[in-house]
Amino acid sequence: MTPDDLAFDRDHIWHPYTSMRDPLPCYPVVAASGTQLQLSDGRQLTDGMSSWWAAIHGYNHPRLNQAMAQQIGQMSHVMFGGITHPPAVALCRQLVAMTPAALECVFLADSGSVAVEVAMKMALQYWQARGEKRQRFLTLRNGYHGDTFAAMSVCDPQNSMHSLYQGYLPQHLFAPAPSCRFDDPWQPDAADALEQMFARHHQELAAVILEPVVQGAGGMRFYHPHYLRRIRELCDRYQLLLIADEIATGFGRTGKLFACEHAEITPDILCVGKALTGGTMTLSATLTTRLVADTISGGAAGCFMHGPTFMGNPLACAVASESLAILNENHWQAQVAAIEAQLRSALLPLKAAAEVADVRVLGAIGVVETRRAVDIAAIQRFFVDQGVWIRPFGRLIYLMPPYVITPQALAQLTTAIARAVDRPELFLRQ
Ligand SMILES: *Cc1c(COP(=O)(O)O)cnc(C)c1O
């Protein structure tokens with residue numbers, strides 16, 4: 001890319017959570033293969049992010065490429081209204097087979113946020129069909145569910161700046177962030193506040209929505225599976241729907257195929273996205289029980305009122321199907337276990353560093369929480385100079401590499417983090 005291209009980018013193109021007036025620098029990537037991103041000046045960076053949880057099999061994967069090439073030769077897209085096609089049927093068969101048995105009906109959507117919108121609309125229509133007006137959701141602080149309005153309304157109010165949209169966002173109920181950590185002994189009182197909220201508000205609640213076990217972009221926190229089990233029990237007791245947002249955690253990232261398995265629970269509605277296509281295309285899915293689907297379909301509208309233009313996009317379905325086929329060969333289990341072991345041995349000792357407040361590892365996720373916020377431009381440059389792609393935010397430096405990463409490449413990532421936390425100049429003064 002020429003300097004002129006980069007100047008155009010800076011002047012005309014929004015990037016995620018980035019100022020148009022005073023943008024952070026962007027690095028030009030021209031190719032990606034395996035776990036390497038190639039910059040336009042030829043430098044190779046080892047990828048620690050899987051492009052935000054998505055590229056679990058690595059980049060430029062021959063089987064994923066082949067699946068797309070084959071599908072392009074048939075049709076890239078055709079509308080889903082009144083039409084079905086082999087890639088959608090194959091994908092939905094796989095999703096129904098690999099998710100908990102009670103989840104039988106699949107709604108295909110175009111991104112994670114839309115899958116969450118769909119799940120929340122389903123919960124509203126479910127209660128409408130049952131003749132009850134229930135429009136509030138209960139969720140957890142420090143959660144993240146996407147950037148569209150309904151999704152944002154259940155994100156952590158501070159992290160997602162609800163104050164900016166005050167008066168426009170619906171007011172939902174926020175339980176305290178789960179205090180009991182994944183690895184700690186279960187504290188019997190850890191769900192008390194939550195239980196009181198259920199008792200007080202259950203009659204107005206449509207559903208509980210949460211990220212099972214791992215809270216991602218809202219703080220990279222791992223909480224005790226027993227907490228999730230309590231929530232399932234409370235949803236059963238008060239007959240509320242449980243929506244599990246596994247958009248980040250789904251497909252093996254936490255060491256289980258789905259994070260709900262840590263607690264051995266089944267949600268009523270499940271959202272998946274991100275890694276669904278192996279990081280190649282945008283696609284998400286919302287799965288429900290037969291009861292939820294039947295109830296909605298028996299309501300006044302007679303159907304679920306949603307149908308995006310690119311619903312069931314054949315190209316995305318074909319590559320998702322191949323990505324799930326790769327997962328079903330089950331190499332991910334050994335890969336994620338090996339990544340977890342190496343992350344533990346390389347990152348946990350960093351707890352001793354002056355800049356570090358906490359280190360936690362679960363599955364193929366490693367988090368170094370620092371005492372001060374990172375200077376994002378400075379630390380990004382430092383990591384690129386170290387030959388790695390790691391993008392921290394706030395006080396969180398974290399890794400979620402592709403499952404196919406080699407021990408050598410993973411060591412490059414953890415070494416870069418160890419060096420970074422030794423450099424006070426990479427953190428903001430407080
Ligand atoms: C990323 C994410 C979303 C939103 O997905 P998009 O594809 O970015 O819209 C929703 N929920 C969770 C848990 C996520 O990590």
# chains A, B, ... in the order shown; residues from 1 in each chain; ligands from 1
call {"tool": "residues_near_ligand", "arguments": {"ligand": "ligand 1", "cutoff": "6 Å", "atoms": "only C-alpha atoms and all ligand atoms", "output": "JSON, numbers by chain"}}
result
{"A": [111, 112, 113, 144, 145, 146, 211, 216, 245, 246, 247, 248, 274]}
call {"tool": "select_by_dssp", "arguments": {"residues": "segment 25-234 of chain A", "states": "alpha helix (DSSP H)", "output": "MDAnalysis selection string"}}
result
chainID A and resid 50:53 62:74 86:98 112:129 149:153 192:201 225:234
call {"tool": "write_last_selection", "arguments": {"atoms": "C-alpha atoms", "output": "short mmCIF file (atom, residue, chain, number, x, y, z; two decimals), in the first residue's frame"}}
result
data_model
loop_
_atom_site.label_atom_id
_atom_site.label_comp_id
_atom_site.auth_asym_id
_atom_site.auth_seq_id
_atom_site.Cartn_x
_atom_site.Cartn_y
_atom_site.Cartn_z
CA SER A 50 -7.41 -14.71 15.61
CA SER A 51 -8.93 -11.51 14.19
CA TRP A 52 -11.14 -11.16 17.27
CA TRP A 53 -11.83 -14.81 18.14
CA PRO A 62 -6.63 -24.57 1.98
CA ARG A 63 -9.81 -26.43 2.93
CA LEU A 64 -11.74 -23.26 3.75
CA ASN A 65 -10.52 -21.66 0.51
CA GLN A 66 -11.54 -24.76 -1.42
CA ALA A 67 -15.01 -24.76 0.13
CA MET A 68 -15.52 -21.14 -0.90
CA ALA A 69 -14.10 -21.61 -4.40
CA GLN A 70 -16.39 -24.58 -4.96
CA GLN A 71 -19.43 -22.69 -3.75
CA ILE A 72 -18.63 -19.60 -5.87
CA GLY A 73 -18.84 -21.88 -8.90
CA GLN A 74 -22.39 -22.84 -7.89
CA PRO A 86 -27.57 -27.38 0.20
CA PRO A 87 -25.01 -25.24 2.10
CA ALA A 88 -27.64 -23.93 4.54
CA VAL A 89 -29.09 -27.37 5.17
CA ALA A 90 -25.66 -28.93 5.65
CA LEU A 91 -24.57 -26.20 8.05
CA CYS A 92 -27.75 -26.25 10.13
CA ARG A 93 -27.59 -30.05 10.38
CA GLN A 94 -24.07 -29.73 11.81
CA LEU A 95 -25.10 -26.96 14.23
CA VAL A 96 -28.08 -28.94 15.52
CA ALA A 97 -25.87 -32.02 15.93
CA MET A 98 -23.00 -30.34 17.78
CA GLY A 112 -22.95 -11.54 16.09
CA SER A 113 -24.84 -8.40 17.04
CA VAL A 114 -27.70 -9.39 14.76
CA ALA A 115 -27.78 -12.88 16.29
CA VAL A 116 -28.23 -11.16 19.68
CA GLU A 117 -30.95 -8.85 18.30
CA VAL A 118 -32.68 -11.96 16.96
CA ALA A 119 -32.41 -13.76 20.31
CA MET A 120 -33.86 -10.77 22.18
CA LYS A 121 -36.69 -10.30 19.68
CA MET A 122 -37.44 -14.01 19.98
CA ALA A 123 -37.73 -13.68 23.77
CA LEU A 124 -40.12 -10.73 23.38
CA GLN A 125 -42.27 -12.56 20.83
CA TYR A 126 -42.23 -15.70 22.99
CA TRP A 127 -43.90 -13.85 25.87
CA GLN A 128 -46.23 -11.96 23.58
CA ALA A 129 -47.42 -15.28 22.19
CA PHE A 149 -29.05 -1.01 19.98
CA ALA A 150 -30.70 -4.00 21.62
CA ALA A 151 -27.35 -5.74 22.03
CA MET A 152 -25.80 -2.58 23.42
CA SER A 153 -28.62 -2.18 25.92
CA ASP A 192 -27.10 -14.06 46.46
CA ALA A 193 -27.51 -10.67 44.76
CA LEU A 194 -28.59 -12.44 41.61
CA GLU A 195 -31.17 -14.54 43.43
CA GLN A 196 -32.68 -11.44 45.00
CA MET A 197 -33.01 -9.83 41.59
CA PHE A 198 -34.79 -12.89 40.22
CA ALA A 199 -37.15 -12.93 43.20
CA ARG A 200 -37.95 -9.24 42.91
CA HIS A 201 -38.24 -8.84 39.15
CA PRO A 225 -19.41 -22.54 36.20
CA HIS A 226 -21.53 -23.03 39.31
CA TYR A 227 -22.76 -19.46 38.93
CA LEU A 228 -24.08 -20.34 35.49
CA ARG A 229 -25.67 -23.50 36.89
CA ARG A 230 -27.46 -21.36 39.53
CA ILE A 231 -28.77 -19.06 36.83
CA ARG A 232 -30.12 -22.03 34.89
CA GLU A 233 -31.85 -23.27 38.05
CA LEU A 234 -33.32 -19.83 38.73
#
call {"tool": "closest_residue", "arguments": {"among": "A:Ala411, A:Ile379, A:Val214, A:Ala320", "to": "Arg360 of chain A", "atoms": "only C-alpha atoms"}}
result
A:Val214
call {"tool": "closest_residue", "arguments": {"among": "A:Val384, A:Val356, A:Ala300, A:Ile243", "to": "Glu369 of chain A", "atoms": "only C-alpha atoms"}}
result
A:Val356
call {"tool": "closest_residue", "arguments": {"among": "A:Thr35, A:Gln386, A:Thr249, A:Thr282", "to": "Pro314 of chain A", "atoms": "only C-alpha atoms"}}
result
A:Thr282
call {"tool": "residues_around", "arguments": {"residues": "segment 37-49 of chain A", "least_positions_apart": "6", "cutoff": "6 Å", "atoms": "only C-alpha atoms", "output": "PyMOL selection string"}}
result
chain A and resi 1+28-31+387-390+399-401
call {"tool": "residues_around", "arguments": {"residues": "segment 101-106 of chain A", "least_positions_apart": "2", "cutoff": "10 Å", "atoms": "only C-alpha atoms", "output": "mmCIF file with C-alpha atoms, in the first residue's frame"}}
result
data_model
loop_
_atom_site.group_PDB
_atom_site.id
_atom_site.type_symbol
_atom_site.label_atom_id
_atom_site.label_comp_id
_atom_site.auth_asym_id
_atom_site.auth_seq_id
_atom_site.Cartn_x
_atom_site.Cartn_y
_atom_site.Cartn_z
ATOM 1 C CA LEU A 91 -24.568 -26.204 8.054
ATOM 2 C CA CYS A 92 -27.746 -26.254 10.132
ATOM 3 C CA ARG A 93 -27.594 -30.049 10.380
ATOM 4 C CA LEU A 95 -25.101 -26.961 14.232
ATOM 5 C CA VAL A 96 -28.077 -28.937 15.522
ATOM 6 C CA ALA A 97 -25.871 -32.021 15.933
ATOM 7 C CA MET A 98 -23.000 -30.336 17.784
ATOM 8 C CA THR A 99 -24.960 -28.060 20.148
ATOM 9 C CA LEU A 108 -29.107 -17.725 10.321
ATOM 10 C CA ALA A 109 -28.090 -14.076 10.555
ATOM 11 C CA THR A 266 -28.506 -26.044 28.066
ATOM 12 C CA PRO A 267 -29.782 -22.555 27.268
ATOM 13 C CA ASP A 268 -33.175 -21.964 25.655
ATOM 14 C CA ILE A 269 -31.566 -19.742 23.031
ATOM 15 C CA LEU A 270 -27.936 -19.893 21.883
ATOM 16 C CA CYS A 271 -26.056 -17.319 19.777
ATOM 17 C CA ALA A 285 -26.744 -18.231 14.055
ATOM 18 C CA THR A 286 -29.347 -18.188 16.810
ATOM 19 C CA LEU A 287 -30.513 -21.635 17.892
ATOM 20 C CA THR A 288 -33.615 -22.329 19.975
ATOM 21 C CA THR A 289 -35.520 -25.161 21.535
ATOM 22 C CA ARG A 290 -38.589 -26.490 19.729
ATOM 23 C CA LEU A 291 -40.733 -25.003 22.511
ATOM 24 C CA VAL A 292 -39.436 -21.475 21.887
ATOM 25 C CA ALA A 293 -39.842 -21.799 18.112
ATOM 26 C CA ASP A 294 -43.332 -23.302 18.392
#
call {"tool": "closest_residue", "arguments": {"among": "A:Arg130, A:Arg371, A:His162, A:Arg381", "to": "Arg429 of chain A", "atoms": "only C-alpha atoms"}}
result
A:Arg371
call {"tool": "closest_residue", "arguments": {"among": "A:Asn159, A:Gln203, A:Thr370, A:Ser284", "to": "Lys133 of chain A", "atoms": "only C-alpha atoms"}}
result
A:Gln203
call {"tool": "residues_around", "arguments": {"residues": "Leu140 of chain A", "least_positions_apart": "5", "cutoff": "9 Å", "atoms": "only C-alpha atoms", "output": "list in words"}}
result
Val154, Cys155, Asp156, Leu173, Phe174, Ala175, Pro176, Ala177, Pro178, Val208, Ile209, Leu210 and Glu211 of chain A
call {"tool": "write_last_selection", "arguments": {"atoms": "N, CA, C and O atoms", "output": "short mmCIF file (atom, residue, chain, number, x, y, z; two decimals), in the first residue's frame"}}
result
data_model
loop_
_atom_site.label_atom_id
_atom_site.label_comp_id
_atom_site.auth_asym_id
_atom_site.auth_seq_id
_atom_site.Cartn_x
_atom_site.Cartn_y
_atom_site.Cartn_z
N VAL A 154 -27.78 -4.38 26.64
CA VAL A 154 -27.42 -5.38 27.66
C VAL A 154 -25.90 -5.50 27.83
O VAL A 154 -25.42 -6.39 28.52
N CYS A 155 -25.14 -4.61 27.19
CA CYS A 155 -23.70 -4.53 27.47
C CYS A 155 -23.48 -3.77 28.77
O CYS A 155 -24.35 -3.02 29.21
N ASP A 156 -22.30 -3.94 29.35
CA ASP A 156 -21.99 -3.21 30.57
C ASP A 156 -22.24 -1.71 30.35
O ASP A 156 -21.73 -1.12 29.40
N LEU A 173 -31.93 -4.81 33.53
CA LEU A 173 -31.44 -5.04 34.89
C LEU A 173 -30.05 -5.66 34.86
O LEU A 173 -29.82 -6.62 34.13
N PHE A 174 -29.16 -5.10 35.67
CA PHE A 174 -27.78 -5.58 35.68
C PHE A 174 -27.44 -6.18 37.03
O PHE A 174 -27.43 -5.47 38.04
N ALA A 175 -27.15 -7.47 37.02
CA ALA A 175 -26.64 -8.10 38.24
C ALA A 175 -25.16 -7.76 38.35
O ALA A 175 -24.50 -7.53 37.33
N PRO A 176 -24.63 -7.76 39.59
CA PRO A 176 -23.19 -7.51 39.73
C PRO A 176 -22.40 -8.54 38.90
O PRO A 176 -22.87 -9.67 38.72
N ALA A 177 -21.23 -8.15 38.41
CA ALA A 177 -20.39 -9.11 37.69
C ALA A 177 -20.08 -10.27 38.62
O ALA A 177 -19.84 -10.06 39.82
N PRO A 178 -20.11 -11.48 38.12
CA PRO A 178 -19.86 -12.65 38.99
C PRO A 178 -18.50 -12.51 39.69
O PRO A 178 -17.49 -12.23 39.04
N VAL A 208 -33.00 -13.97 30.62
CA VAL A 208 -31.66 -13.63 31.10
C VAL A 208 -30.73 -13.81 29.92
O VAL A 208 -30.82 -14.81 29.21
N ILE A 209 -29.87 -12.83 29.69
CA ILE A 209 -28.89 -12.97 28.61
C ILE A 209 -27.50 -12.80 29.20
O ILE A 209 -27.26 -11.88 29.99
N LEU A 210 -26.60 -13.70 28.85
CA LEU A 210 -25.24 -13.64 29.40
C LEU A 210 -24.25 -14.36 28.49
O LEU A 210 -24.64 -15.13 27.62
N GLU A 211 -22.98 -14.07 28.73
CA GLU A 211 -21.91 -14.85 28.12
C GLU A 211 -21.55 -15.94 29.12
O GLU A 211 -21.18 -15.65 30.25
#
call {"tool": "select_by_dssp", "arguments": {"residues": "segment 244-326 of chain A", "states": "strand (DSSP E or B)", "output": "number ranges by chain"}}
result
A: 244-245, 269-272, 284-289
call {"tool": "closest_residue", "arguments": {"among": "A:Leu6, A:Ala55, A:Ala334, A:Ile326", "to": "Gly255 of chain A", "atoms": "only C-alpha atoms"}}
result
A:Ala334
call {"tool": "atom_distance", "arguments": {"atom1": "atom CA of Tyr403 of chain A", "atom2": "atom CA of Tyr59 of chain A"}}
result
11.1 Å
call {"tool": "decode", "arguments": {"residues": "segment 164-210 of chain A", "atoms": "C-alpha atoms", "output": "PDB file, in the first residue's frame"}}
result
ATOM      1  CA  LEU A 164     -24.213   8.568  25.331  1.00  0.00           C
ATOM      2  CA  TYR A 165     -27.576   7.126  24.316  1.00  0.00           C
ATOM      3  CA  GLN A 166     -29.573   7.962  27.424  1.00  0.00           C
ATOM      4  CA  GLY A 167     -33.277   8.228  26.768  1.00  0.00           C
ATOM      5  CA  TYR A 168     -32.966   6.033  23.706  1.00  0.00           C
ATOM      6  CA  LEU A 169     -31.746   2.770  25.210  1.00  0.00           C
ATOM      7  CA  PRO A 170     -34.192   0.555  27.093  1.00  0.00           C
ATOM      8  CA  GLN A 171     -33.308   0.141  30.776  1.00  0.00           C
ATOM      9  CA  HIS A 172     -32.524  -3.451  31.630  1.00  0.00           C
ATOM     10  CA  LEU A 173     -31.438  -5.043  34.894  1.00  0.00           C
ATOM     11  CA  PHE A 174     -27.784  -5.581  35.676  1.00  0.00           C
ATOM     12  CA  ALA A 175     -26.643  -8.099  38.245  1.00  0.00           C
ATOM     13  CA  PRO A 176     -23.186  -7.515  39.727  1.00  0.00           C
ATOM     14  CA  ALA A 177     -20.393  -9.111  37.692  1.00  0.00           C
ATOM     15  CA  PRO A 178     -19.856 -12.647  38.991  1.00  0.00           C
ATOM     16  CA  SER A 179     -17.281 -12.416  41.779  1.00  0.00           C
ATOM     17  CA  CYS A 180     -16.282 -16.055  42.043  1.00  0.00           C
ATOM     18  CA  ARG A 181     -13.461 -16.850  39.623  1.00  0.00           C
ATOM     19  CA  PHE A 182     -13.361 -19.901  37.419  1.00  0.00           C
ATOM     20  CA  ASP A 183     -10.537 -21.591  39.340  1.00  0.00           C
ATOM     21  CA  ASP A 184     -11.545 -20.571  42.865  1.00  0.00           C
ATOM     22  CA  PRO A 185     -13.616 -22.721  45.215  1.00  0.00           C
ATOM     23  CA  TRP A 186     -17.309 -21.918  44.811  1.00  0.00           C
ATOM     24  CA  GLN A 187     -18.551 -19.394  47.380  1.00  0.00           C
ATOM     25  CA  PRO A 188     -22.123 -20.248  48.327  1.00  0.00           C
ATOM     26  CA  ASP A 189     -23.073 -16.557  48.695  1.00  0.00           C
ATOM     27  CA  ALA A 190     -21.681 -15.586  45.271  1.00  0.00           C
ATOM     28  CA  ALA A 191     -25.112 -15.738  43.653  1.00  0.00           C
ATOM     29  CA  ASP A 192     -27.099 -14.056  46.458  1.00  0.00           C
ATOM     30  CA  ALA A 193     -27.513 -10.674  44.755  1.00  0.00           C
ATOM     31  CA  LEU A 194     -28.589 -12.436  41.611  1.00  0.00           C
ATOM     32  CA  GLU A 195     -31.174 -14.544  43.429  1.00  0.00           C
ATOM     33  CA  GLN A 196     -32.677 -11.437  44.996  1.00  0.00           C
ATOM     34  CA  MET A 197     -33.008  -9.826  41.586  1.00  0.00           C
ATOM     35  CA  PHE A 198     -34.793 -12.888  40.221  1.00  0.00           C
ATOM     36  CA  ALA A 199     -37.146 -12.931  43.197  1.00  0.00           C
ATOM     37  CA  ARG A 200     -37.951  -9.236  42.914  1.00  0.00           C
ATOM     38  CA  HIS A 201     -38.241  -8.840  39.149  1.00  0.00           C
ATOM     39  CA  HIS A 202     -39.107 -12.194  37.576  1.00  0.00           C
ATOM     40  CA  GLN A 203     -42.616 -11.141  36.604  1.00  0.00           C
ATOM     41  CA  GLU A 204     -41.385  -8.381  34.318  1.00  0.00           C
ATOM     42  CA  LEU A 205     -38.467 -10.328  32.863  1.00  0.00           C
ATOM     43  CA  ALA A 206     -38.498 -11.872  29.404  1.00  0.00           C
ATOM     44  CA  ALA A 207     -35.106 -13.546  29.611  1.00  0.00           C
ATOM     45  CA  VAL A 208     -31.665 -13.627  31.103  1.00  0.00           C
ATOM     46  CA  ILE A 209     -28.889 -12.973  28.614  1.00  0.00           C
ATOM     47  CA  LEU A 210     -25.242 -13.640  29.399  1.00  0.00           C
TER      48      LEU A 210
END
